[in-house]
2 protein chains.
Amino acid sequence: MNIGNVSEKSGLPAKTIRYYEDIGLVQPSRRENGYRDFAVQDLHKLAFLGRARSLGFSIEECRTLLSLYEDRERSSADVKAIAQSHLARVDQKIEELQALSATLRNLVVRCHGDDRPDCPIMDDLTGSDLAETQKYPAGTTY
Amino acid sequence: MNIGNVSEKSGLPAKTIRYYEDIGLVQPSRRENGYRDFAVQDLHKLAFLGRARSLGFSIEECRTLLSLYEDRERSSADVKAIAQSHLARVDQKIEELQALSATLRNLVVRCHGDDRPDCPIMDDLTGSDLAETQKYPAGTTY
DNA sequence: CTTGACCTTCCAGTAAGTGGAAGCCCTATA
DNA sequence: TATAGGGCTTCCACTTACTGGAAGGTCAAG
């Protein structure tokens, strides 16, 4: 199979597939004319990678998952561990973004959004709602 | 003020401050010995940038916010627009991650996590829960 | 005079690709 | 048979927002 064919079937851009070869995730053979020649197994691997990436696994996690994928003796515990730590990262990120969202939303609703310069968002960014003494402790010189 | 001093006061690493100068966010003057010499206004700008970055605004948004910060005639509407579109992006990201989290969680709870190779997570990644005809439509040749 | 903390610049690397240029290869058609 | 097109190749640069490190100049203290 040529790369265009594999690209279409796997849903991955040809560029990405070449990149995956570069970093050793797939090793297609070559024809005499230099064209890559993908086996069905390569296509399966690439589809696997596409799905794993779409679930947010990092390339290095994908590499490990791929080796587990090819290991008939694997323990599901090893797979689960990777998924679990990824899930934890995702959930952590969600929490961070939710806190961020709350802060931003609060600023946005308090901003009039008119043609005057007064702006609680700017006030937050400039720290102008903090006491001067907190921003620049007494006795500070520059 | 030397960069170390500004770094400490703004909470930004010296490396980051130099980078911000590189991309034109601050323009400290130079002493005879080549050292950067930051004015109090520079410190304010850097603190502003630190806060804006911590709220997730991109560097380019920060650049715009900084110009609004320095514009006494600005409209709060301009500031609000930036914050609002950023908020929308954040909320969108949260939704994506929540969908992702749900999918991962579902896979994780269904995985026994023992020493056998059976694994719903792997099944998802390999698409083995899809009908073969869906994966490889009849008549497909490689 | 030396030591150590600061400061300087420049280069490289991060994650995971994406865009583009220059140049083969293959097939169909005029 | 010449040529046009589409597909394939490699290589380089760019993206975001820094971060690490090397090599070397500067400054104040002891």
# chains A, B, ... in the order shown; residues from 1 in each chain; ligands from 1
>>> interface_residues(of="chain A", to="chain C", cutoff="9 Å", atoms="only C-alpha atoms (C1' of nucleotides)", output="PyMOL selection string")
chain A and resi 15-16+19+33+58-59
>>> closest_atom_pairs(of="chain A", to="chain B", cutoff="8 Å", atoms="only C-alpha atoms", output="CSV")
residue,atom,partner,partner_atom,distance
A:Met1,CA,B:Tyr142,CA,6.1
A:Ala39,CA,B:Tyr142,CA,7.9
A:Val40,CA,B:Tyr142,CA,7.1
A:His44,CA,B:Thr126,CA,7.4
A:Ala47,CA,B:Thr126,CA,7.4
A:Phe48,CA,B:Leu125,CA,5.3
A:Leu49,CA,B:Leu125,CA,7.8
A:Arg51,CA,B:Leu125,CA,5.7
A:Ala52,CA,B:Leu125,CA,6.1
A:Leu55,CA,B:Leu100,CA,6.5
A:Gly56,CA,B:Leu100,CA,7.9
A:Tyr69,CA,B:Met122,CA,7.0
A:Arg72,CA,B:Pro117,CA,6.7
A:Glu73,CA,B:Pro117,CA,6.1
A:Arg74,CA,B:Pro117,CA,5.0
A:Ser75,CA,B:Asp115,CA,4.1
A:Ser76,CA,B:Gly113,CA,4.9
A:Ala77,CA,B:Gly113,CA,3.6
A:Asp78,CA,B:Gly113,CA,7.2
A:Val79,CA,B:Ile121,CA,7.2
A:Lys80,CA,B:Gly113,CA,5.7
A:Ala81,CA,B:Gly113,CA,7.8
A:Ala83,CA,B:Val108,CA,6.7
A:Gln84,CA,B:Val108,CA,6.5
A:Leu87,CA,B:Ser101,CA,6.2
A:Val90,CA,B:Ser101,CA,6.4
A:Asp91,CA,B:Ser101,CA,6.7
A:Ile94,CA,B:Ile94,CA,5.8
A:Leu97,CA,B:Ile94,CA,6.5
A:Gln98,CA,B:Ile94,CA,7.1
A:Leu100,CA,B:Leu55,CA,6.5
A:Ser101,CA,B:Leu87,CA,6.2
A:Leu104,CA,B:Leu87,CA,6.2
A:Arg105,CA,B:Leu87,CA,6.9
A:Val108,CA,B:Lys80,CA,6.1
A:Cys111,CA,B:Lys80,CA,6.6
A:His112,CA,B:Ser76,CA,6.9
A:Gly113,CA,B:Ala77,CA,3.6
A:Asp114,CA,B:Ala77,CA,4.9
A:Asp115,CA,B:Ser75,CA,4.1
A:Arg116,CA,B:Ser75,CA,4.8
A:Pro117,CA,B:Ser75,CA,4.8
A:Asp118,CA,B:Ser76,CA,6.1
A:Cys119,CA,B:Ser76,CA,5.3
A:Ile121,CA,B:Val79,CA,7.3
A:Met122,CA,B:Tyr69,CA,7.0
A:Leu125,CA,B:Phe48,CA,5.3
A:Thr126,CA,B:Phe48,CA,5.3
A:Gly127,CA,B:Phe48,CA,7.6
A:Tyr142,CA,B:Met1,CA,5.9
>>> write_last_selection(atoms="C-alpha atoms", output="CSV table (one decimal), in the first residue's frame")
chain,number,residue,atom,x,y,z
A,1,MET,CA,0.0,0.0,0.0
A,39,ALA,CA,1.6,-3.8,5.2
A,40,VAL,CA,-1.9,-4.4,6.6
A,44,HIS,CA,-3.6,-1.4,12.0
A,47,ALA,CA,-5.3,3.3,13.1
A,48,PHE,CA,-4.4,2.3,16.7
A,49,LEU,CA,-2.1,5.3,17.0
A,51,ARG,CA,-7.3,6.4,18.1
A,52,ALA,CA,-4.8,6.6,21.0
A,55,LEU,CA,-7.8,10.0,23.3
A,56,GLY,CA,-5.1,12.4,24.2
A,69,TYR,CA,-0.6,-4.0,21.7
A,72,ARG,CA,0.2,-11.2,23.4
A,73,GLU,CA,1.4,-11.9,27.0
A,74,ARG,CA,0.6,-8.4,28.2
A,75,SER,CA,-1.2,-7.7,31.5
A,76,SER,CA,-4.3,-5.6,31.2
A,77,ALA,CA,-3.0,-4.0,34.4
A,78,ASP,CA,-0.2,-2.4,32.4
A,79,VAL,CA,-2.6,-0.9,30.0
A,80,LYS,CA,-4.9,0.2,32.7
A,81,ALA,CA,-2.1,2.0,34.6
A,83,ALA,CA,-5.0,5.0,30.9
A,84,GLN,CA,-5.5,5.7,34.6
A,87,LEU,CA,-7.2,10.1,33.0
A,90,VAL,CA,-7.1,15.0,32.1
A,91,ASP,CA,-9.2,15.5,35.3
A,94,ILE,CA,-10.3,20.1,33.8
A,97,LEU,CA,-9.5,25.1,33.5
A,98,GLN,CA,-12.7,25.3,35.6
A,100,LEU,CA,-9.7,29.6,35.3
A,101,SER,CA,-13.1,29.8,33.7
A,104,LEU,CA,-12.5,34.9,33.8
A,105,ARG,CA,-16.3,34.7,33.9
A,108,VAL,CA,-16.1,39.4,32.2
A,111,CYS,CA,-16.9,44.5,32.9
A,112,HIS,CA,-19.3,47.0,31.4
A,113,GLY,CA,-17.9,46.6,28.0
A,114,ASP,CA,-18.6,50.1,26.9
A,115,ASP,CA,-16.4,52.8,25.4
A,116,ARG,CA,-15.1,54.0,28.7
A,117,PRO,CA,-11.6,52.9,29.9
A,118,ASP,CA,-12.9,51.7,33.3
A,119,CYS,CA,-12.4,47.9,33.4
A,121,ILE,CA,-10.4,43.0,33.9
A,122,MET,CA,-7.7,45.5,33.6
A,125,LEU,CA,-4.3,42.4,35.5
A,126,THR,CA,-2.7,45.5,36.9
A,127,GLY,CA,-3.2,44.2,40.4
A,142,TYR,CA,14.3,50.6,42.8
>>> closest_residue(among="B:Pro28, B:Tyr35, B:Glu8, B:Gln92", to="chain D", atoms="only C-alpha atoms (C1' of nucleotides)")
B:Tyr35
>>> atom_distance(atom1="C1' of DG24 (chain D)", atom2="CA of Asp42 (chain B)")
27.5 Å
>>> atom_distance(atom1="CA of Arg18 (chain A)", atom2="CA of Arg63 (chain A)")
15.5 Å
>>> interface_residues(of="chain D", to="chain A", cutoff="8 Å", atoms="only C-alpha atoms (C1' of nucleotides)", output="ChimeraX atom specification")
/D:7-9
>>> select_by_dssp(residues="region 56-108 of chain B", states="alpha helix (DSSP H)", output="ChimeraX atom specification")
/B:59-69,76-108
